[in-house]
Each structure stands twice: as C-alpha cells, then as structure tokens.
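K.L.:
query.cif (mmCIF, C-alpha atoms and all ligand atoms) pasted underneath:
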data_work
#
loop_
_atom_site.label_atom_id
_atom_site.label_comp_id
_atom_site.auth_asym_id
_atom_site.auth_seq_id
_atom_site.Cartn_x
_atom_site.Cartn_y
_atom_site.Cartn_z
CA MET A 18 59.25 23.05 31.09
CA ALA A 19 56.06 21.54 29.92
CA ASN A 20 53.51 20.45 32.44
CA GLU A 21 50.75 18.20 31.12
CA SER A 22 48.15 19.43 33.59
CA LEU A 23 48.57 23.06 32.51
CA PHE A 24 46.72 22.54 29.27
CA LEU A 25 43.10 21.57 28.88
CA LYS A 26 42.51 18.39 26.91
CA ASN A 27 39.62 17.09 24.81
CA LEU A 28 39.55 20.41 22.99
CA TRP A 29 40.49 21.81 19.59
CA TYR A 30 43.43 24.19 19.38
CA MET A 31 44.08 26.55 16.47
CA ALA A 32 47.42 25.36 15.12
CA GLY A 33 48.00 27.76 12.23
CA LEU A 34 46.71 29.21 9.01
CA SER A 35 45.88 26.88 6.14
CA SER A 36 47.76 29.22 3.81
CA SER A 37 50.97 28.67 5.79
CA LEU A 38 51.02 24.93 5.01
CA LYS A 39 51.70 24.33 1.34
CA ALA A 40 51.21 20.96 -0.40
CA GLY A 41 54.21 18.74 0.31
CA ALA A 42 55.19 20.68 3.45
CA LEU A 43 56.31 19.07 6.71
CA ARG A 44 56.69 21.43 9.66
CA ARG A 45 57.61 20.98 13.28
CA GLU A 46 55.44 22.87 15.76
CA MET A 47 55.50 22.86 19.52
CA LEU A 48 51.88 22.72 20.70
CA LEU A 49 50.94 22.30 24.37
CA GLY A 50 54.56 21.37 25.04
CA GLU A 51 54.39 18.48 22.55
CA PRO A 52 56.37 18.25 19.32
CA VAL A 53 53.83 18.00 16.50
CA LEU A 54 54.50 17.45 12.83
CA LEU A 55 52.06 19.49 10.74
CA GLY A 56 52.05 18.28 7.19
CA ARG A 57 50.19 18.53 3.94
CA THR A 58 50.33 15.65 1.50
CA PRO A 59 51.33 16.43 -2.09
CA ASP A 60 47.66 15.99 -2.98
CA GLY A 61 46.59 18.58 -0.44
CA LYS A 62 45.40 16.84 2.74
CA ALA A 63 46.60 18.35 6.02
CA PHE A 64 47.47 16.05 8.93
CA ALA A 65 49.18 16.13 12.32
CA MET A 66 51.28 13.50 14.07
CA ARG A 67 53.76 13.29 16.90
CA ASP A 68 57.08 14.56 15.60
CA ILE A 69 59.15 11.75 17.06
CA CYS A 70 60.07 8.66 15.05
CA PRO A 71 59.17 5.59 17.12
CA HIS A 72 62.39 3.91 15.93
CA ARG A 73 64.98 6.25 17.41
CA ALA A 74 63.26 9.57 18.02
CA THR A 75 64.38 11.54 14.97
CA PRO A 76 61.91 14.33 14.12
CA LEU A 77 59.84 13.06 11.22
CA SER A 78 59.40 16.67 10.10
CA ALA A 79 63.06 16.56 9.04
CA GLY A 80 62.18 13.82 6.55
CA LYS A 81 60.30 14.02 3.28
CA PHE A 82 57.31 12.66 1.42
CA ARG A 83 57.69 9.40 -0.47
CA ASP A 84 54.66 7.96 -2.24
CA GLY A 85 52.37 10.10 -0.09
CA ASP A 86 53.88 8.87 3.19
CA VAL A 87 56.34 10.59 5.53
CA GLU A 88 59.83 9.10 5.33
CA CYS A 89 62.08 9.40 8.39
CA PRO A 90 65.47 10.90 7.46
CA TYR A 91 67.44 8.43 9.62
CA HIS A 92 66.59 4.90 8.44
CA GLY A 93 63.79 5.61 6.00
CA TRP A 94 60.86 4.17 7.95
CA ARG A 95 57.68 5.46 6.38
CA PHE A 96 54.45 6.54 8.04
CA ARG A 97 51.07 7.17 6.50
CA PRO A 98 49.40 10.51 7.33
CA ASP A 99 47.29 8.63 9.91
CA GLY A 100 50.49 7.63 11.74
CA VAL A 101 50.55 3.96 10.74
CA CYS A 102 53.96 2.64 9.69
CA SER A 103 53.94 1.44 6.08
CA VAL A 104 57.56 0.55 5.28
CA ILE A 105 60.71 -0.47 7.19
CA PRO A 106 63.33 -0.57 4.42
CA SER A 107 65.86 -2.70 6.35
CA LEU A 108 63.49 -5.68 6.59
CA LEU A 109 63.99 -8.77 4.43
CA GLN A 110 60.99 -10.65 3.07
CA ASP A 111 61.37 -13.51 5.54
CA GLN A 112 61.71 -11.21 8.55
CA ASN A 113 58.22 -11.18 9.88
CA VAL A 114 57.60 -7.80 11.44
CA ASP A 115 54.06 -6.52 11.26
CA VAL A 116 54.97 -2.95 10.32
CA ASN A 117 51.34 -1.79 10.40
CA ARG A 118 51.27 -2.38 14.13
CA ILE A 119 53.85 0.36 14.61
CA ARG A 120 52.22 3.74 14.95
CA VAL A 121 53.06 7.33 15.63
CA ARG A 122 50.39 9.18 17.58
CA SER A 123 48.22 11.05 15.12
CA TYR A 124 46.08 14.02 16.10
CA PRO A 125 42.62 14.66 14.66
CA LEU A 126 42.83 17.70 12.38
CA ARG A 127 40.22 19.91 10.74
CA GLU A 128 40.57 22.70 8.26
CA GLN A 129 37.87 25.32 8.01
CA ASP A 130 37.64 29.09 7.51
CA GLY A 131 41.32 29.08 6.45
CA LEU A 132 42.36 27.76 9.89
CA ILE A 133 43.97 24.49 10.96
CA TRP A 134 42.59 22.97 14.15
CA VAL A 135 44.28 20.14 16.03
CA TYR A 136 42.54 18.10 18.70
CA PHE A 137 44.36 17.14 21.89
CA ALA A 138 42.66 14.17 23.50
CA ALA A 139 43.07 13.45 27.19
CA SER A 140 44.00 9.89 26.34
CA PRO A 141 46.45 9.29 23.51
CA ASP A 142 44.24 6.36 22.45
CA GLN A 143 44.14 6.75 18.66
CA ASP A 144 40.66 5.47 18.16
CA THR A 145 38.68 7.82 20.36
CA ALA A 146 36.67 10.27 18.30
CA PRO A 147 36.92 13.97 19.24
CA VAL A 148 34.27 15.37 21.57
CA GLY A 149 32.71 18.13 19.46
CA GLU A 150 34.04 20.04 16.49
CA PRO A 151 36.13 23.22 16.30
CA PRO A 152 34.27 26.55 16.36
CA LYS A 153 33.15 28.05 13.06
CA VAL A 154 33.47 31.59 11.84
CA GLY A 155 29.92 32.94 11.62
CA VAL A 156 29.95 34.15 8.02
CA PRO A 157 29.52 32.14 4.81
CA ASN A 158 32.70 31.32 2.81
CA ALA A 159 34.88 32.82 5.53
CA THR A 160 38.22 33.84 4.00
CA PRO A 161 41.01 35.30 6.15
CA ARG A 162 41.52 38.87 4.95
CA TRP A 163 44.05 40.03 7.49
CA ILE A 164 46.31 37.99 9.75
CA GLU A 165 48.65 38.93 12.57
CA SER A 166 50.43 36.41 14.78
CA GLN A 167 52.89 37.15 17.58
CA THR A 168 54.72 35.05 20.14
CA PHE A 169 54.01 36.06 23.73
CA ALA A 170 56.54 35.21 26.45
CA CYS A 171 53.90 33.96 28.86
CA GLY A 172 51.78 30.94 29.61
CA ILE A 173 48.31 30.56 28.16
CA ASP A 174 46.50 31.99 31.20
CA HIS A 175 48.14 35.41 31.15
CA ALA A 176 47.69 35.60 27.39
CA VAL A 177 43.97 34.81 27.65
CA VAL A 178 43.34 37.06 30.63
CA GLY A 179 45.17 39.92 28.91
CA LEU A 180 42.90 39.42 25.93
CA MET A 181 39.64 39.65 27.88
CA ASP A 182 40.79 42.30 30.33
CA PRO A 183 38.59 45.36 29.76
CA SER A 184 40.43 47.86 31.94
CA HIS A 185 43.89 47.95 30.36
CA ALA A 186 42.99 49.63 27.06
CA PRO A 187 43.45 53.29 28.09
CA TYR A 188 46.87 52.46 29.55
CA VAL A 189 48.24 49.87 27.15
CA HIS A 190 46.65 50.94 23.88
CA GLY A 191 46.09 54.69 24.41
CA ARG A 192 47.89 57.05 22.05
CA TRP A 193 47.46 60.71 21.21
CA TRP A 194 46.08 59.70 17.81
CA TRP A 195 43.97 56.87 19.23
CA ARG A 196 42.21 58.39 22.16
CA VAL A 197 40.58 55.89 24.46
CA LYS A 198 38.85 58.17 26.93
CA ALA A 199 37.83 56.34 30.09
CA LYS A 200 34.13 56.18 30.83
CA VAL A 201 31.69 53.95 32.67
CA LYS A 202 30.95 50.78 30.72
CA GLU A 203 28.05 48.50 31.40
CA LYS A 204 27.87 45.24 29.48
CA ARG A 205 25.59 42.23 29.64
CA TYR A 206 27.20 38.79 29.70
CA ALA A 207 25.60 35.40 29.16
CA PRO A 208 26.95 31.84 29.27
CA LEU A 209 27.87 29.90 26.10
CA PRO A 210 28.42 26.12 25.89
CA THR A 211 32.09 26.38 26.95
CA GLY A 212 32.46 30.08 27.68
CA PHE A 213 30.54 33.33 27.70
CA VAL A 214 29.44 36.18 25.49
CA MET A 215 29.37 39.93 25.91
CA THR A 216 25.95 40.29 24.32
CA ARG A 217 25.26 42.39 21.24
CA HIS A 218 25.57 46.11 21.84
CA ALA A 219 26.50 49.34 20.10
CA PRO A 220 30.27 49.74 20.57
CA SER A 221 31.49 53.02 22.03
CA LYS A 222 34.89 53.29 20.30
CA PRO A 223 34.78 55.72 17.36
CA ALA A 224 36.83 53.31 15.20
CA TYR A 225 33.76 51.11 14.81
CA LYS A 226 32.10 53.88 12.81
CA LEU A 227 34.13 52.46 9.94
CA PHE A 228 31.49 49.73 9.77
CA GLY A 229 28.53 52.08 9.42
CA GLY A 230 26.21 54.06 11.62
CA ASP A 231 24.11 51.21 12.97
CA VAL A 232 27.12 49.10 13.94
CA SER A 233 26.73 46.51 16.69
CA THR A 234 29.04 43.89 18.09
CA GLU A 235 29.15 40.83 20.34
CA ILE A 236 32.27 39.25 21.78
CA THR A 237 32.46 35.59 22.64
CA PHE A 238 35.03 33.58 24.52
CA GLU A 239 35.15 29.81 24.55
CA LEU A 240 37.58 27.23 25.88
CA PRO A 241 40.38 26.63 25.45
CA SER A 242 41.25 30.15 24.28
CA VAL A 243 39.18 31.33 21.35
CA ARG A 244 37.55 34.71 20.99
CA PHE A 245 35.22 35.94 18.30
CA GLU A 246 34.10 39.48 17.78
CA ASN A 247 31.07 39.48 15.49
CA ILE A 248 30.52 42.97 14.12
CA SER A 249 27.48 43.89 12.03
CA GLY A 250 26.75 47.15 10.32
CA THR A 251 25.52 48.85 7.17
CA LEU A 252 27.92 50.51 4.80
CA PHE A 253 26.94 52.16 1.51
CA GLY A 254 23.44 50.75 2.07
CA ARG A 255 24.73 47.18 2.30
CA HIS A 256 24.63 44.93 5.34
CA ILE A 257 28.10 43.79 6.41
CA ASP A 258 29.36 41.16 8.79
CA VAL A 259 32.93 41.39 9.97
CA VAL A 260 34.44 38.79 12.25
CA GLY A 261 37.54 39.33 14.34
CA PHE A 262 38.99 36.02 15.51
CA THR A 263 41.68 35.62 18.15
CA ALA A 264 43.26 32.39 19.35
CA CYS A 265 45.85 31.87 22.06
CA THR A 266 47.71 28.66 21.25
CA PRO A 267 50.03 27.29 23.91
CA VAL A 268 53.50 26.53 22.57
CA ASP A 269 54.77 25.44 25.98
CA ALA A 270 54.27 26.42 29.62
CA ASP A 271 55.92 29.81 29.12
CA THR A 272 55.16 30.66 25.51
CA THR A 273 51.89 31.38 23.73
CA GLN A 274 51.24 32.15 20.09
CA VAL A 275 48.53 34.79 19.75
CA THR A 276 46.90 34.94 16.33
CA GLN A 277 44.33 37.43 15.09
CA VAL A 278 42.44 36.98 11.86
CA PHE A 279 39.82 39.28 10.37
CA TYR A 280 37.13 38.13 7.99
CA TRP A 281 35.16 40.58 5.89
CA PRO A 282 33.40 40.55 2.53
CA GLY A 283 35.77 40.97 -0.42
CA TRP A 284 34.37 44.35 -1.44
CA LEU A 285 35.32 45.76 1.97
CA SER A 286 39.05 45.17 1.43
CA PHE A 287 39.81 48.88 1.25
CA VAL A 288 39.92 48.75 5.08
CA LYS A 289 42.94 46.43 4.94
CA PRO A 290 45.69 49.11 5.01
CA LEU A 291 44.27 50.42 8.27
CA PHE A 292 44.45 46.94 9.81
CA MET A 293 47.97 46.44 8.49
CA VAL A 294 49.09 49.55 10.34
CA LEU A 295 47.07 49.23 13.55
CA GLY A 296 46.92 45.45 14.03
CA PRO A 297 50.61 44.78 14.72
CA ILE A 298 50.78 47.88 16.94
CA PHE A 299 47.90 46.88 19.19
CA LEU A 300 48.89 43.22 19.47
CA GLY A 301 52.48 44.35 20.08
CA ASP A 302 51.23 46.56 22.96
CA ASP A 303 49.79 43.49 24.65
CA ARG A 304 52.91 41.44 23.97
CA LYS A 305 55.17 44.09 25.50
CA MET A 306 52.99 44.30 28.58
CA VAL A 307 53.28 40.55 29.08
CA GLU A 308 57.09 40.85 28.92
CA LEU A 309 56.99 43.57 31.56
CA GLN A 310 54.63 41.48 33.69
CA LYS A 311 57.11 38.59 33.50
CA GLN A 312 59.58 40.61 35.58
CA GLY A 313 57.12 40.43 38.44
CA LEU A 314 55.73 36.96 37.86
CA GLN A 315 59.16 35.33 38.20
CA PHE A 316 58.88 35.97 41.94
CA ASN A 317 55.63 34.04 42.08
CA PRO A 318 53.59 36.76 43.81
CA ASN A 319 49.92 36.42 44.75
CA LEU A 320 47.69 38.11 42.20
CA MET A 321 44.33 39.85 42.59
CA LEU A 322 41.08 39.85 40.66
CA ILE A 323 38.94 42.94 41.22
CA GLN A 324 35.16 43.21 40.65
CA ASP A 325 33.80 43.92 38.05
CA ALA A 326 36.68 44.48 35.63
CA ASP A 327 38.36 41.16 36.40
CA VAL A 328 35.19 39.05 36.44
CA PRO A 329 35.78 37.71 32.88
CA ALA A 330 39.25 36.61 34.06
CA LEU A 331 37.67 34.97 37.09
CA TRP A 332 35.19 33.18 34.82
CA TYR A 333 38.04 31.97 32.66
CA HIS A 334 39.74 30.37 35.67
CA ARG A 335 36.45 28.79 36.79
CA LEU A 336 35.68 27.49 33.30
CA LYS A 337 39.13 26.01 33.06
CA LYS A 338 38.83 24.29 36.41
CA ALA A 339 35.36 22.94 35.62
CA TRP A 340 36.52 21.62 32.24
CA ALA A 341 39.63 19.96 33.72
CA GLU A 342 37.47 18.29 36.38
CA SER A 343 34.91 17.07 33.86
CA VAL A 344 37.69 15.52 31.74
CA GLU A 345 39.29 13.99 34.79
CA ASP A 346 36.07 12.51 36.22
CA GLY A 347 34.42 11.74 32.89
CA LYS A 348 31.38 13.79 33.98
CA PRO A 349 29.44 16.26 31.81
CA PHE A 350 30.82 19.78 31.83
CA GLU A 351 28.73 22.36 33.65
CA ASN A 352 29.35 25.98 32.81
CA PRO A 353 29.94 27.94 36.03
CA VAL A 354 29.09 31.30 34.36
CA GLN A 355 25.73 32.92 35.17
CA GLU A 356 24.09 35.66 33.14
CA ARG A 357 25.15 38.99 34.60
CA THR A 358 25.78 42.68 33.93
CA LEU A 359 29.32 43.93 34.57
CA ARG A 360 30.24 47.57 35.15
CA TRP A 361 33.67 49.15 35.10
CA VAL A 362 35.51 52.28 34.01
CA SER A 363 37.78 52.05 31.02
S1 LIG B 1 64.95 6.97 13.66
FE1 LIG B 1 63.40 7.07 12.20
S2 LIG B 1 63.77 5.41 10.95
FE2 LIG B 1 65.24 5.19 12.47
FE FE B 2 44.99 44.53 24.74
#
Show the structure stored in the file as structure tokens.
P.N.:
Amino acid sequence: MANESLFLKNLWYMAGLSSSLKAGALRREMLLGEPVLLGRTPDGKAFAMRDICPHRATPLSAGKFRDGDVECPYHGWRFRPDGVCSVIPSLLQDQNVDVNRIRVRSYPLREQDGLIWVYFAASPDQDTAPVGEPPKVGVPNATPRWIESQTFACGIDHAVVGLMDPSHAPYVHGRWWWRVKAKVKEKRYAPLPTGFVMTRHAPSKPAYKLFGGDVSTEITFELPSVRFENISGTLFGRHIDVVGFTACTPVDADTTQVTQVFYWPGWLSFVKPLFMVLGPIFLGDDRKMVELQKQGLQFNPNLMLIQDADVPALWYHRLKKAWAESVEDGKPFENPVQERTLRWVS
C-alpha cells in the first residue's frame, strides 16, 4: 500500500539509466507508489507523465507514439510530452471541447551523467518550478561504466539505512577471499546542504589499492537517498577520479530499487571484470539481509540505534523529518547534522 507521507517531496529521484530508455520507448514505472510513464520521443527527448489516461484510466504507456505525441490505446486521445492533450479523435468540428485544457500530470525530468531524474513536487500544480536541480557526478563527461540494479523487498528507510550502516560489513559482506577484519574506525563527518559527508580520508580496505598508493575517498549522502563515493588516486603516474554512485528509489511503501553506477576514465576499463563479479555479489548480500530482516519487521517491533555506529542512520531520520517539516510549513530547510567524529569497530 502506498502512503503519500512516506516519501519526501520537492526532491529529485533517480528513475533509471538513460541507456535503458531508447528513442520511441514508453515504459510504465512505479515510483513513490505512483504510476509514471517514462518515455523518449522518437527524436530523443525523455519525459515523464502520470501513467493514467484522464479519459478512462488506461495506462498511456500501453499506447504508442503518433506524430511525437503519446496516443492512448483505448480511444486514441493524444498527449504531448508535457502532458497537454492535443487530439480527441471522436470529436466533430462543431463540438467545442477545448482539448488543450485537458492535462495529464507531467513530472519535471532531467538527464545528466547517463541518469534520468524525475522531480516529485509536493503540490501536483504543473507550473511550479523544481526547487533545485538533481545532484551531479563530480567528474567531467561522466559516463556510466558499470551498472548494477536490484529490487529490495523493503521500504526506502531500511534500504538507505542499510547502505550507510558501517558495522554490518564484516558480517554481511565478509568472505574467506574478501577478508574484512574488524578494527577501530574513526571518521570525520560534516554537514552538506541536504545531507552529510564522511570527509576525505585514506580508505583502510585493501581493495582500494587498485586505485593507486595515494588513494583517498569521501562518501556523501544527500536526501532523498543518494550516495556518492568520490575516490581519487594515482595509477601509472596518472591522476584518476572514480565515482561510485548509489541511489535508493522507492517503488512503493515496501519495495525499493537500489542502483549502483560506477564512473571512471575510459582507459581504466580493465577494472570492469572485477566489478562485474563483485558488484552483484555485494549488493545481493544487502538485498538478502533485507529479506531476512523482513521476517522480524512484520511484527512491528521497536528498533534501536546505537552510538556511534548508528549515528548516520539517526541523522538520516532527522534529515528526513526536517525536510518533511520544511515542505509542510513552507519554511527553509535547516540541516540538523553537526560536524562530528564517529568511532566504531567494523
Ligand atoms: S481511456 Fe484513454 S482515450 Fe479513452
Ligand atoms: Fe552493505
């Protein structure tokens, strides 16, 4: 069941990969419990609209393109990519219906870094401009080099918290060939406009050595559910920037699509086979844990957040609450996160 208040509004959500939406495609997606038609016009422009025909509710995604507009499969009403009705075929010339006044809700959409972002406004008023723009990948000409997307059987909060949880790695991701030996970690965190960052540091996991001896990384989280890991290093005497991007996109109250994308310079693509093997395994570990967790969550137990390992999770809940309140009251958002060092064993 979809509950409107579960999902933060006035924010951009990552709705899919540009490469997955070919010219002339119409696709139905559930996003935040709403049916959304994602489409790309034959001449290449992506758009998003509510996937319900205002005539008699047929999914417009089941229709097709005609003259650059979306044609409903039931009675052939046509809608421009901006949601405005352009044609009602049953009308005679002397039947005065102002078809342009009929509209399907359209969602602001942006395409950048090979990602499709859809904006969910708090008010469905078509003419309100988005507050802010979607986050950018911090490298020039960012091209997705490796992509993994899995459906998690949990709501957005457990998906996000699982993602930022620093103490599960030795248990969930440990393997004899991937030793994650627990030790004391101490990391500095600072606030970001709508989230926080684990500030730049030398990572301890040996796998990072792949990106050179002087490798450093920072990990950001911003609302609604976007994480960037910005890795820098030197390999073969060349500076490299690698960005790991993760988005948790709510499908509905109990389902979340988790997508990971890596960006690296073209010449570094020899690392891809490693990602192809490890990526699905590690994301699958998290997905399986969420399924196990579901067995307990169905009984609605109280949950605990323990210092310091669960502080990022606590921040997430506070950020979410502060954002929801600012949208509700129309007041500026104030980030509740303070700069702080967190220590834990993992
Ligand atoms: S239901 Fe779409 S045109 Fe009638
Ligand atoms: Fe994990």
K.L.:
Please identify all protein, DNA and RNA residues within 9 Å of ligand LIG 1 (chain B), counting all atoms listed in the file, and report them as a list in words.
P.N.:
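I would give the residues around ligand LIG 1 (chain B) as Ile69, Cys70, Pro71, His72, Arg73, Ala74, Thr75, Pro76, Leu77, Gly80, Glu88, Cys89, Pro90, Tyr91, His92, Gly93, Trp94, Arg95, Ile105 and Pro106 of chain A.
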K.L.:
With all atoms listed in the file counted, collect every polymer residue having an atom within 8 Å of ligand FE 2 (chain B); state the result as a list in words.
P.N.:
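Here is the list of contacting residues: Gly179, Leu180, Met181, Asp182, His185, Ala186, Val189, His190, Phe299, Leu300, Asp302 and Asp303 of chain A.
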K.L.:
Could you list, as a list in words, every residue within 7 Å of Arg45 in chain A, counting all atoms listed in the file and ignoring same-chain residues fewer than 4 positions away?
P.N.:
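These residues fall inside the cut-off: Pro52, Val53, Leu54, Leu55, Asp68 and Ser78 of chain A.
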K.L.:
Mind checking which residues fall within 12 Å of range 315-323 of chain A, counting only C-alpha atoms, ignoring those fewer than 5 positions away in the same chain, and posting them as a VMD selection string?
P.N.:
chain A and resid 171 175 178 182 to 184 271 308 to 310 328 to 334 359 to 361
K.L.:
Enter the distance from CA of Tyr30 in chain A to CA of Pro157 in chain A, in Å, rounded to one decimal.
P.N.:
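For CA of Tyr30 in chain A relative to CA of Pro157 in chain A, the distance reads 21.7 Å.
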K.L.:
Please identify all polymer residues within 6 Å of Leu34 in chain A, counting all atoms listed in the file, omitting same-chain residues fewer than 6 positions from it, and present them as a count of residues only.
P.N.:
3
K.L.:
Mind pulling up the distance from CA of Val243 in chain A to CA of Val275 in chain A?
P.N.:
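The value is 10.1 Å.
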K.L.:
Quick one, how far is CA of Leu28 in chain A from CA of Gln274 in chain A?
P.N.:
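The value is 16.8 Å.
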K.L.:
Show me as a list in words the residues that reach within 12 Å of (29.9, 15.8, 31.3), counting all atoms listed in the file and using the file's own coordinates.
P.N.:
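These residues have at least one counted atom within 12 Å: Asn27, Val148, Pro210, Thr211, Ala339, Trp340, Ala341, Glu342, Ser343, Val344, Glu345, Asp346, Gly347, Lys348, Pro349, Phe350, Glu351 and Asn352 of chain A.
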K.L.:
Select, from A:Ile248, A:Ala42, A:Ala224, A:Val154, the residue with the minimum atom-to-atom distance to Trp194 in chain A, counting all atoms listed in the file.
P.N.:
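For Trp194 in chain A, the nearest of the candidates is A:Ala224.
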K.L.:
Hey, what's within 6 Å of Ile119 in chain A if we count all atoms listed in the file and toss same-chain stuff fewer than 2 positions away? As an NGL selection string, please?
P.N.:
:A and (102 or 116-117)
K.L.:
Quick one: residues within 8 Å of Arg97 in chain A, all atoms listed in the file, excluding same-chain residues fewer than 3 positions away - as a ChimeraX atom specification?
P.N.:
/A:85-87,100-103
K.L.:
Which residue gives the smallest distance to Ala207 in chain A among A:Lys39, A:Val278, A:Ile236, A:Ser221, with all atoms listed in the file counted?
P.N.:
A:Ile236
K.L.:
Please tell me which residues are no farther than 7 Å from (42.8, 37.4, 20.5) in the file, counting all atoms listed in the file, and write them as JSON, numbers by chain.
P.N.:
{"A": [180, 244, 262, 263, 264, 265, 275, 276, 277]}
K.L.:
Find, counting only C-alpha atoms, the residue in A:Ile164, A:Val232, A:Ala326, A:Val201 that gets nearest to Lys289 in chain A.
P.N.:
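Going through A:Ile164, A:Val232, A:Ala326, A:Val201 one by one, the smallest distance to Lys289 in chain A is for A:Ile164.
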K.L.:
Which is closer to Glu235 in chain A than all the others in A:Leu252, A:Ala170, A:Val260, A:Ala79, using only C-alpha atoms?
P.N.:
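Closest to Glu235 in chain A, using only C-alpha atoms: A:Val260.
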